[in-house]
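Engineer: Have a look at this one.
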Amino acid sequence: YGCGSCHTVPGVDGADGLVGPPLTRFGARSYIAGALPNTGDNLQHWIRDPQEVEPGTAMPDLDVSELEARDIAAYLLTLE
């Protein structure tokens, strides 16, 4: 999905984007986008439909499937 073009993703070569916040220690954060408690279900919701969570956010709707959102969320929550 090109996450690294906007975000720095630790451990991923070339994922050094500066548009969005770095995803370092994502699992230790309290909130997603300053709006949702950082839980697996909320993170999947954010990944699949960021505009519904925060209208106007720079995070685009990337048509991430439910299964892929679950996998992405699981990875991000390990980053502590």
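In the structure tokens, chains take the letters A, B, ... in the order shown, each chain's residues start at 1, and ligands count up from 1 in the order shown.
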Show which residues sit within 8 Å of A:Met59, as a VMD selection string. Count only C-alpha atoms, and ignore same-chain residues fewer than 4 positions away.
Structural biologist: chain A and resid 20 50 to 51
Engineer: Give me the residues within 8 Å of A:Ile47 as a short mmCIF file (atom, residue, chain, number, x, y, z; two decimals) with N, CA and C atoms, in the first residue's frame, counting only C-alpha atoms and dropping any in the same chain fewer than 4 places off.
Structural biologist:
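Saved to part28.cif:
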```cif
data_model
loop_
_atom_site.label_atom_id
_atom_site.label_comp_id
_atom_site.auth_asym_id
_atom_site.auth_seq_id
_atom_site.Cartn_x
_atom_site.Cartn_y
_atom_site.Cartn_z
N LEU A 43 -7.79 0.49 15.23
CA LEU A 43 -6.73 0.67 14.25
C LEU A 43 -7.15 0.11 12.89
N ASP A 61 -7.79 6.99 1.68
CA ASP A 61 -8.48 5.70 1.66
C ASP A 61 -7.79 4.85 0.61
N VAL A 64 -8.01 -0.87 1.59
CA VAL A 64 -7.39 -2.00 2.28
C VAL A 64 -8.49 -2.98 2.66
N ALA A 69 -6.10 -5.21 6.64
CA ALA A 69 -6.14 -4.24 7.74
C ALA A 69 -5.83 -4.93 9.06
N ALA A 73 -2.61 -3.89 11.23
CA ALA A 73 -2.83 -3.47 12.62
C ALA A 73 -2.03 -4.35 13.57
#
```
Engineer: Check chain A with DSSP on the backbone and list each residue it calls alpha helix (DSSP H), as a PyMOL selection string.
Structural biologist: chain A and resi 40-48+50-53+66-78
Engineer: Excluding A:Asp16 and residues on its chain fewer than 6 positions from it, collect all residues at most 12 Å away from it, counting only C-alpha atoms, and give them as a list in words.
Structural biologist: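 Here the answer would be Gly2, Cys3, Gly4, Ser5, Cys6, His7, Thr8, Val9, Pro10, Pro22, Leu23 and Thr24 of chain A.
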Engineer: Those selected residues, please, written with all heavy atoms and delivered as an mmCIF file, in the first residue's frame.
Structural biologist:
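Written file, part_6.cif:
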```
data_model
loop_
_atom_site.group_PDB
_atom_site.id
_atom_site.type_symbol
_atom_site.label_atom_id
_atom_site.label_comp_id
_atom_site.auth_asym_id
_atom_site.auth_seq_id
_atom_site.Cartn_x
_atom_site.Cartn_y
_atom_site.Cartn_z
ATOM 1 N N GLY A 2 2.145 1.130 0.027
ATOM 2 C CA GLY A 2 3.002 2.305 -0.045
ATOM 3 C C GLY A 2 3.077 3.107 1.242
ATOM 4 O O GLY A 2 3.358 4.303 1.207
ATOM 5 N N CYS A 3 2.856 2.474 2.369
ATOM 6 C CA CYS A 3 2.856 3.185 3.655
ATOM 7 C C CYS A 3 4.141 3.984 3.859
ATOM 8 O O CYS A 3 4.114 5.095 4.390
ATOM 9 C CB CYS A 3 2.670 2.209 4.810
ATOM 10 S SG CYS A 3 1.169 1.214 4.710
ATOM 11 N N GLY A 4 5.269 3.409 3.424
ATOM 12 C CA GLY A 4 6.564 4.036 3.622
ATOM 13 C C GLY A 4 6.796 5.280 2.786
ATOM 14 O O GLY A 4 7.755 6.003 3.016
ATOM 15 N N SER A 5 5.906 5.550 1.831
ATOM 16 C CA SER A 5 6.060 6.784 1.067
ATOM 17 C C SER A 5 5.605 7.991 1.888
ATOM 18 O O SER A 5 6.013 9.119 1.612
ATOM 19 C CB SER A 5 5.297 6.710 -0.256
ATOM 20 O OG SER A 5 3.912 6.573 -0.033
ATOM 21 N N CYS A 6 4.791 7.757 2.900
ATOM 22 C CA CYS A 6 4.317 8.843 3.777
ATOM 23 C C CYS A 6 4.818 8.715 5.206
ATOM 24 O O CYS A 6 4.876 9.702 5.936
ATOM 25 C CB CYS A 6 2.790 8.878 3.790
ATOM 26 S SG CYS A 6 2.062 9.430 2.236
ATOM 27 N N HIS A 7 5.128 7.490 5.626
ATOM 28 C CA HIS A 7 5.526 7.230 7.012
ATOM 29 C C HIS A 7 6.917 6.608 7.073
ATOM 30 O O HIS A 7 7.286 5.828 6.202
ATOM 31 C CB HIS A 7 4.565 6.237 7.682
ATOM 32 C CG HIS A 7 3.168 6.686 7.779
ATOM 33 N ND1 HIS A 7 2.724 7.547 8.756
ATOM 34 C CD2 HIS A 7 2.079 6.395 7.019
ATOM 35 C CE1 HIS A 7 1.430 7.753 8.605
ATOM 36 N NE2 HIS A 7 1.012 7.074 7.545
ATOM 37 N N THR A 8 7.633 6.885 8.144
ATOM 38 C CA THR A 8 8.829 6.128 8.468
ATOM 39 C C THR A 8 8.353 4.875 9.198
ATOM 40 O O THR A 8 7.604 4.970 10.177
ATOM 41 C CB THR A 8 9.773 6.945 9.373
ATOM 42 O OG1 THR A 8 10.159 8.116 8.669
ATOM 43 C CG2 THR A 8 10.989 6.141 9.775
ATOM 44 N N VAL A 9 8.760 3.716 8.680
ATOM 45 C CA VAL A 9 8.362 2.441 9.280
ATOM 46 C C VAL A 9 9.641 1.736 9.725
ATOM 47 O O VAL A 9 10.473 1.371 8.886
ATOM 48 C CB VAL A 9 7.581 1.560 8.279
ATOM 49 C CG1 VAL A 9 7.087 0.290 8.964
ATOM 50 C CG2 VAL A 9 6.419 2.326 7.657
ATOM 51 N N PRO A 10 9.819 1.550 11.030
ATOM 52 C CA PRO A 10 11.054 0.937 11.513
ATOM 53 C C PRO A 10 11.232 -0.471 10.961
ATOM 54 O O PRO A 10 10.280 -1.242 10.887
ATOM 55 C CB PRO A 10 10.887 0.923 13.040
ATOM 56 C CG PRO A 10 9.431 1.070 13.288
ATOM 57 C CD PRO A 10 8.866 1.804 12.113
ATOM 58 N N PRO A 22 5.921 9.296 11.990
ATOM 59 C CA PRO A 22 6.645 8.025 11.988
ATOM 60 C C PRO A 22 5.843 6.980 12.756
ATOM 61 O O PRO A 22 5.142 7.306 13.721
ATOM 62 C CB PRO A 22 7.960 8.350 12.689
ATOM 63 C CG PRO A 22 7.748 9.634 13.393
ATOM 64 C CD PRO A 22 6.607 10.336 12.731
ATOM 65 N N LEU A 23 5.950 5.732 12.328
ATOM 66 C CA LEU A 23 5.188 4.669 12.981
ATOM 67 C C LEU A 23 5.988 3.975 14.080
ATOM 68 O O LEU A 23 5.524 2.994 14.661
ATOM 69 C CB LEU A 23 4.691 3.678 11.924
ATOM 70 C CG LEU A 23 3.786 4.319 10.875
ATOM 71 C CD1 LEU A 23 3.350 3.286 9.844
ATOM 72 C CD2 LEU A 23 2.588 5.003 11.506
ATOM 73 N N THR A 24 7.138 4.529 14.392
ATOM 74 C CA THR A 24 7.961 4.026 15.482
ATOM 75 C C THR A 24 7.156 4.041 16.783
ATOM 76 O O THR A 24 6.462 5.013 17.074
ATOM 77 C CB THR A 24 9.207 4.928 15.637
ATOM 78 O OG1 THR A 24 9.856 4.998 14.371
ATOM 79 C CG2 THR A 24 10.145 4.404 16.681
#
```
Engineer: As a list in words, list the residues of chain A assigned to strand (DSSP E or B) by DSSP on the backbone atoms of this structure.
Structural biologist: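 Filtering chain A to strand (DSSP E or B) leaves Thr8, Asp16, Tyr31, Ile32, Leu36 and Pro37 of chain A.
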Engineer: Which residues are near A:Trp46? Cut-off 12 Å, only C-alpha atoms, ignore same chain within fewer than 5 positions. Put them as a list in words.
Structural biologist: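 So the residues in contact are Tyr31, Ile32, Ala33, Gly34, Ala35, Leu36, Pro37, Asn38, Thr39, Gly40, Asp41, Gln51, Glu52, Val53, Glu54, Pro55, Thr57, Met59, Pro60, Asp61, Leu62, Asp63, Val64, Glu66, Ala69, Arg70, Ile72 and Ala73 of chain A.
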Engineer: Which residue gives the smallest distance to A:Ala74 among A:Gly56, A:Gly27, A:His45, A:Asp13, with only C-alpha atoms counted?
Structural biologist: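 When distances to A:Ala74 are compared using only C-alpha atoms, the smallest one comes from A:Gly27.
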Engineer: Work out how far atom CA of A:Glu80 is from atom CA of A:Ala58, in Å to one decimal.
Structural biologist: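 It comes out at 24.1 Å.
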